[in-house]
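Enquirer: my_file09.tsv is reproduced in full below (TSV, C-alpha atoms).
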chain	number	residue	atom	x	y	z
A	69	MET	CA	79.52	72.39	84.60
A	70	LEU	CA	83.13	71.20	84.65
A	71	TYR	CA	86.08	73.55	84.42
A	72	HIS	CA	89.45	72.78	82.99
A	73	PRO	CA	92.23	72.96	85.67
A	74	THR	CA	93.93	75.84	83.82
A	75	GLU	CA	90.76	77.92	84.24
A	76	LEU	CA	91.05	77.90	88.04
A	77	VAL	CA	93.03	80.45	90.01
A	78	LYS	CA	95.70	78.32	91.69
A	79	SER	CA	97.32	79.26	94.96
A	80	GLN	CA	100.75	79.44	93.31
A	81	ASP	CA	99.31	82.15	91.06
A	82	VAL	CA	98.41	84.38	94.02
A	83	ILE	CA	101.26	86.71	94.92
A	84	VAL	CA	101.37	88.67	98.19
A	85	ARG	CA	103.85	91.55	98.24
A	86	VAL	CA	104.65	93.90	101.12
A	87	GLY	CA	106.63	97.09	101.54
A	88	SER	CA	107.72	99.13	104.54
A	89	ILE	CA	106.22	102.61	104.92
A	90	GLY	CA	108.69	105.04	106.40
A	91	GLY	CA	107.95	108.20	108.34
A	92	THR	CA	104.47	109.65	108.33
A	93	SER	CA	103.78	109.59	104.58
A	94	ARG	CA	101.20	106.93	103.76
A	95	PRO	CA	100.80	105.99	100.04
A	96	VAL	CA	97.81	107.69	98.43
A	97	ILE	CA	95.34	105.27	96.81
A	98	THR	CA	92.80	106.86	94.47
A	99	GLN	CA	89.97	104.57	93.35
A	100	SER	CA	88.20	105.56	90.12
A	101	GLY	CA	85.46	103.14	89.09
A	102	ALA	CA	87.03	99.71	88.57
A	103	THR	CA	90.63	100.98	88.61
A	104	PHE	CA	92.93	102.76	91.03
A	105	THR	CA	96.22	104.62	91.10
A	106	VAL	CA	98.81	104.68	93.87
A	107	SER	CA	101.35	107.40	94.50
A	108	GLY	CA	104.16	107.04	97.00
A	109	ALA	CA	104.18	103.22	97.12
A	110	PRO	CA	107.33	101.72	98.68
A	111	THR	CA	109.58	99.05	97.22
A	112	LEU	CA	107.66	95.76	97.30
A	113	TYR	CA	108.96	92.31	98.25
A	114	THR	CA	107.21	88.98	97.70
A	115	LEU	CA	106.29	86.84	100.71
A	116	GLN	CA	108.19	83.73	99.60
A	117	ALA	CA	107.28	81.35	102.43
A	118	ALA	CA	103.55	82.00	102.85
A	119	THR	CA	101.73	78.68	103.21
A	120	THR	CA	98.17	79.94	103.60
A	121	ALA	CA	96.50	83.31	103.26
A	122	SER	CA	92.95	84.61	103.22
A	123	ILE	CA	91.40	88.04	102.88
A	124	ALA	CA	88.10	89.33	104.21
A	125	PHE	CA	86.33	92.59	103.42
A	126	ASN	CA	84.21	93.94	106.24
A	127	ASP	CA	81.67	96.73	105.92
A	128	GLY	CA	80.23	98.76	108.77
A	129	ASN	CA	76.55	99.68	108.37
A	130	GLN	CA	74.43	102.37	109.90
A	131	GLU	CA	70.77	101.40	110.10
A	132	PHE	CA	67.98	103.90	109.67
A	133	TYR	CA	64.21	103.89	109.38
A	134	LEU	CA	62.06	105.90	107.01
A	135	LEU	CA	58.79	107.32	108.19
A	136	GLY	CA	56.05	105.60	106.28
A	137	GLY	CA	58.43	102.81	105.27
A	138	GLY	CA	56.31	100.14	106.95
A	139	GLY	CA	58.75	99.70	109.84
A	140	PHE	CA	61.39	98.00	107.71
A	141	ALA	CA	65.02	98.89	108.38
A	142	ASP	CA	67.37	100.15	105.73
A	143	SER	CA	71.10	100.80	106.01
A	144	VAL	CA	74.00	102.60	104.46
A	145	VAL	CA	77.64	101.43	104.40
A	146	THR	CA	79.66	103.82	106.55
A	147	THR	CA	83.06	102.09	106.74
A	148	SER	CA	85.00	99.39	104.89
A	149	ALA	CA	88.06	97.43	105.99
A	150	ALA	CA	90.17	94.51	104.77
A	151	THR	CA	92.02	91.89	106.79
A	152	ALA	CA	94.50	89.46	105.24
A	153	SER	CA	95.41	86.55	107.51
A	154	VAL	CA	98.73	84.93	106.63
A	155	THR	CA	100.60	81.85	107.82
A	156	SER	CA	104.25	81.88	106.86
A	157	TYR	CA	107.74	80.71	107.85
A	158	PHE	CA	110.85	82.63	108.72
A	159	GLN	CA	113.14	82.50	105.75
A	160	LYS	CA	116.82	83.38	105.72
A	161	ASP	CA	118.09	85.89	103.20
A	162	VAL	CA	119.88	83.62	100.73
A	163	ASP	CA	121.28	86.43	98.58
A	164	GLY	CA	123.32	87.86	101.45
A	165	THR	CA	126.55	86.55	102.94
A	166	THR	CA	126.03	87.90	106.47
A	167	PHE	CA	123.04	86.59	108.40
A	168	LEU	CA	123.21	88.95	111.38
A	169	PRO	CA	121.47	91.23	112.21
A	170	ASN	CA	119.25	91.04	109.11
A	171	SER	CA	118.75	87.28	108.88
A	172	PHE	CA	115.28	87.39	107.33
A	173	ASP	CA	114.54	87.89	103.66
A	174	GLU	CA	113.41	91.39	102.72
A	175	ALA	CA	109.67	90.65	102.76
A	176	PHE	CA	109.74	89.07	106.17
A	177	GLN	CA	111.98	91.85	107.49
A	178	VAL	CA	109.09	94.25	106.73
A	179	ILE	CA	106.73	92.07	108.82
A	180	ALA	CA	109.30	91.50	111.58
A	181	THR	CA	109.87	95.24	112.02
A	182	ALA	CA	106.13	95.95	112.27
A	183	ARG	CA	105.57	93.21	114.89
A	184	TYR	CA	107.26	95.30	117.58
A	185	ASP	CA	107.02	98.83	116.19
A	186	LYS	CA	103.36	99.65	116.83
A	187	ASN	CA	103.58	102.80	114.69
A	188	ALA	CA	104.96	100.98	111.64
A	189	GLU	CA	102.61	100.52	108.71
A	190	VAL	CA	102.98	98.06	105.85
A	191	TYR	CA	101.85	98.50	102.24
A	192	VAL	CA	100.15	95.29	101.05
A	193	GLU	CA	99.49	94.14	97.49
A	194	ILE	CA	97.59	90.91	96.77
A	195	ASN	CA	97.62	89.75	93.15
A	196	LYS	CA	95.54	86.88	91.76
A	197	GLN	CA	96.70	85.99	88.25
A	198	LEU	CA	93.78	85.95	85.79
A	199	GLY	CA	95.57	85.06	82.59
A	200	VAL	CA	98.17	85.89	79.97
A	201	SER	CA	97.89	87.51	76.55
A	202	GLY	CA	101.24	87.54	74.77
A	203	SER	CA	103.70	89.11	77.22
A	204	THR	CA	100.97	90.89	79.24
A	205	TYR	CA	99.80	89.28	82.49
A	206	TYR	CA	96.45	90.23	84.01
A	207	TYR	CA	95.71	90.26	87.75
A	208	ASP	CA	92.88	90.91	90.16
A	209	ARG	CA	94.73	93.28	92.50
A	210	VAL	CA	93.92	94.50	96.03
A	211	VAL	CA	96.18	97.09	97.70
A	212	TYR	CA	96.05	98.87	101.05
A	213	THR	CA	98.07	100.22	103.94
A	214	ALA	CA	97.99	97.93	106.98
A	215	ARG	CA	99.11	97.27	110.52
A	216	VAL	CA	100.61	93.90	111.45
A	217	MET	CA	98.36	92.57	114.21
A	218	ASN	CA	97.76	89.31	116.09
A	219	TYR	CA	101.32	88.12	115.45
A	220	ASN	CA	102.02	84.58	116.74
A	221	GLU	CA	104.95	82.20	116.44
A	222	SER	CA	105.01	78.43	116.84
A	223	TYR	CA	107.88	75.97	116.62
A	224	PRO	CA	106.57	72.76	115.00
A	225	ALA	CA	110.00	71.18	114.46
A	226	ASP	CA	113.71	71.77	114.93
A	227	ASN	CA	114.97	74.81	113.00
A	228	LEU	CA	111.45	75.68	111.85
A	229	VAL	CA	109.59	78.80	112.96
A	230	GLU	CA	106.02	79.21	111.78
A	231	CYS	CA	104.26	82.53	112.21
A	232	THR	CA	100.73	83.78	111.72
A	233	PHE	CA	99.69	87.41	111.48
A	234	ASP	CA	96.92	89.66	110.23
A	235	LEU	CA	97.39	92.61	107.91
A	236	VAL	CA	94.54	94.92	108.96
A	237	SER	CA	93.79	97.84	106.65
A	238	ARG	CA	94.09	101.51	107.48
A	239	GLY	CA	92.73	104.08	105.07
A	240	ARG	CA	91.52	103.53	101.51
A	241	ILE	CA	91.54	100.13	99.80
A	242	GLY	CA	92.27	99.87	96.07
A	243	ILE	CA	90.67	97.07	94.04
A	244	HIS	CA	91.35	96.57	90.32
A	245	GLN	CA	90.42	93.62	88.18
A	246	ASN	CA	92.45	93.15	84.99
A	247	ALA	CA	95.43	95.14	86.26
A	248	SER	CA	98.14	94.44	83.70
A	249	GLU	CA	101.88	93.89	83.94
A	250	THR	CA	104.43	93.38	81.17
A	251	GLY	CA	105.90	90.08	82.28
A	252	SER	CA	104.97	87.87	85.21
A	253	ILE	CA	105.38	89.09	88.78
A	254	ILE	CA	105.53	85.50	90.05
A	255	PRO	CA	109.06	85.35	91.46
A	256	THR	CA	111.55	82.96	89.92
A	257	ALA	CA	114.25	83.74	92.50
A	258	PRO	CA	114.29	85.04	96.09
A	259	ASN	CA	113.94	88.75	96.70
A	260	SER	CA	117.09	90.47	95.53
Represent the supplied structure as structure tokens.
Expert:
Amino acid sequence: MLYHPTELVKSQDVIVRVGSIGGTSRPVITQSGATFTVSGAPTLYTLQAATTASIAFNDGNQEFYLLGGGGFADSVVTTSAATASVTSYFQKDVDGTTFLPNSFDEAFQVIATARYDKNAEVYVEINKQLGVSGSTYYYDRVVYTARVMNYNESYPADNLVECTFDLVSRGRIGIHQNASETGSIIPTAPNS
């Protein structure tokens, strides 16, 4: 079966947004069937310079055996976690006039703060655009609170800093297909 190119989810239609969580109050994610609600979410900024990203969901199982079950093992899921691995570039804040001390755009500033503050948590939202109906855009959305881990920098060329990092979940994960927004959340301008 062949698919038309507009039926595929393209990488430019996947939006990763992050927000800094201050203090000790973590956003509360309440999953209800195929939808979720979030209270206390911070201001979100789009990662503008992400070149690659992937997400993995990992479940922890506890095996058990039933007497009279023929010796076959069964299991129950005891934990779930998500890890988003991102490769991105430092990007200067083009809507500001002063580049020091906050030279990074707002989204990367969230990541940069969490790379050295081991108590800092980041709110992550990954949106895959599913389609448009009139002025309503539909997304497959994954949200969670995370720690920035495994942060690495490389310098492939002059004036270019590439970084890779993992956003490892803490607490509940929210997953919602067909989450709707009035208007596109794909940015047309840098974070402002």
Enquirer: So how many Å separate atom CA of A:Ala182 and atom CA of A:Gly87, to one decimal?
Expert: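 We find that atom CA of A:Ala182 and atom CA of A:Gly87 lie 10.8 Å from each other.
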Enquirer: What does the distance between atom CA of A:Gln130 and atom CA of A:Pro95 come to in Å, to one decimal place?
Expert: 28.4 Å
Enquirer: So that I can check the surroundings of stretch 187-202 of chain A, please list as a list of chain:residue names every protein, DNA and RNA residue that reaches within 6 Å of it, counting all atoms listed in the file and ignoring chain neighbours fewer than 5 positions away.
Expert: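 My reading of the contact set: A:Asp81, A:Val82, A:Ile83, A:Val84, A:Arg85, A:Val86, A:Gly87, A:Ser88, A:Ile89, A:Ala182, A:Tyr207, A:Asp208, A:Arg209, A:Val210, A:Val211, A:Tyr212, A:Thr213, A:Ala214, A:Arg215.
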Enquirer: Using only C-alpha atoms, which residues sit within 10 Å of stretch 222-235 of chain A once same-chain residues fewer than 4 positions away are excluded, as a compact mmCIF listing (two decimals) with C-alpha atoms, keeping the file's coordinate frame?
Expert:
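See out_0.txt below for the written result:
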# COMPACT_ATOMS: atom_id res chain seq x y z
CA ALA A 117 107.28 81.35 102.43
CA ALA A 118 103.55 82.00 102.85
CA THR A 119 101.73 78.68 103.21
CA THR A 120 98.17 79.94 103.60
CA ALA A 121 96.50 83.31 103.26
CA SER A 122 92.95 84.61 103.22
CA ILE A 123 91.40 88.04 102.88
CA ALA A 150 90.17 94.51 104.77
CA THR A 151 92.02 91.89 106.79
CA ALA A 152 94.50 89.46 105.24
CA SER A 153 95.41 86.55 107.51
CA VAL A 154 98.73 84.93 106.63
CA THR A 155 100.60 81.85 107.82
CA SER A 156 104.25 81.88 106.86
CA TYR A 157 107.74 80.71 107.85
CA PHE A 158 110.85 82.63 108.72
CA GLN A 159 113.14 82.50 105.75
CA ILE A 179 106.73 92.07 108.82
CA ARG A 183 105.57 93.21 114.89
CA GLU A 189 102.61 100.52 108.71
CA VAL A 190 102.98 98.06 105.85
CA TYR A 191 101.85 98.50 102.24
CA VAL A 192 100.15 95.29 101.05
CA TYR A 212 96.05 98.87 101.05
CA THR A 213 98.07 100.22 103.94
CA ALA A 214 97.99 97.93 106.98
CA ARG A 215 99.11 97.27 110.52
CA VAL A 216 100.61 93.90 111.45
CA MET A 217 98.36 92.57 114.21
CA ASN A 218 97.76 89.31 116.09
Enquirer: Which residues are close to A:Tyr133, i.e. within 12 Å by all atoms listed in the file, leaving aside same-chain residues fewer than 6 positions away? Reply as a PyMOL selection string.
Expert: chain A and resi 139-144
Enquirer: For a cut-off of 9 Å around (108.0, 91.0, 82.6), file coordinates, pick out all residues using all atoms listed in the file and list them as JSON, numbers by chain.
Expert: {"A": [203, 204, 205, 249, 250, 251, 252, 253]}
Enquirer: Could the residues of stretch 215-247 of chain A that have an atom at most 12 Å from stretch 96-101 of chain A be listed as CSV, each with its closest atom pair and the distance in Å to one decimal, counting only C-alpha atoms and ordered by chain and ascending residue number?
Expert:
residue,atom,partner,partner_atom,distance
A:Arg238,CA,A:Ile97,CA,11.4
A:Gly239,CA,A:Ile97,CA,8.7
A:Arg240,CA,A:Ile97,CA,6.3
A:Ile241,CA,A:Ile97,CA,7.1
A:Gly242,CA,A:Gln99,CA,5.9
A:Ile243,CA,A:Gln99,CA,7.6
A:His244,CA,A:Gln99,CA,8.7
A:Gln245,CA,A:Gly101,CA,10.8
Enquirer: Could you work out how far atom CA of A:Pro255 lies from atom CA of A:Tyr113, giving the answer in Å with one decimal?
Expert: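 Computing the Euclidean distance for atom CA of A:Tyr113 and atom CA of A:Pro255 yields 9.7 Å.
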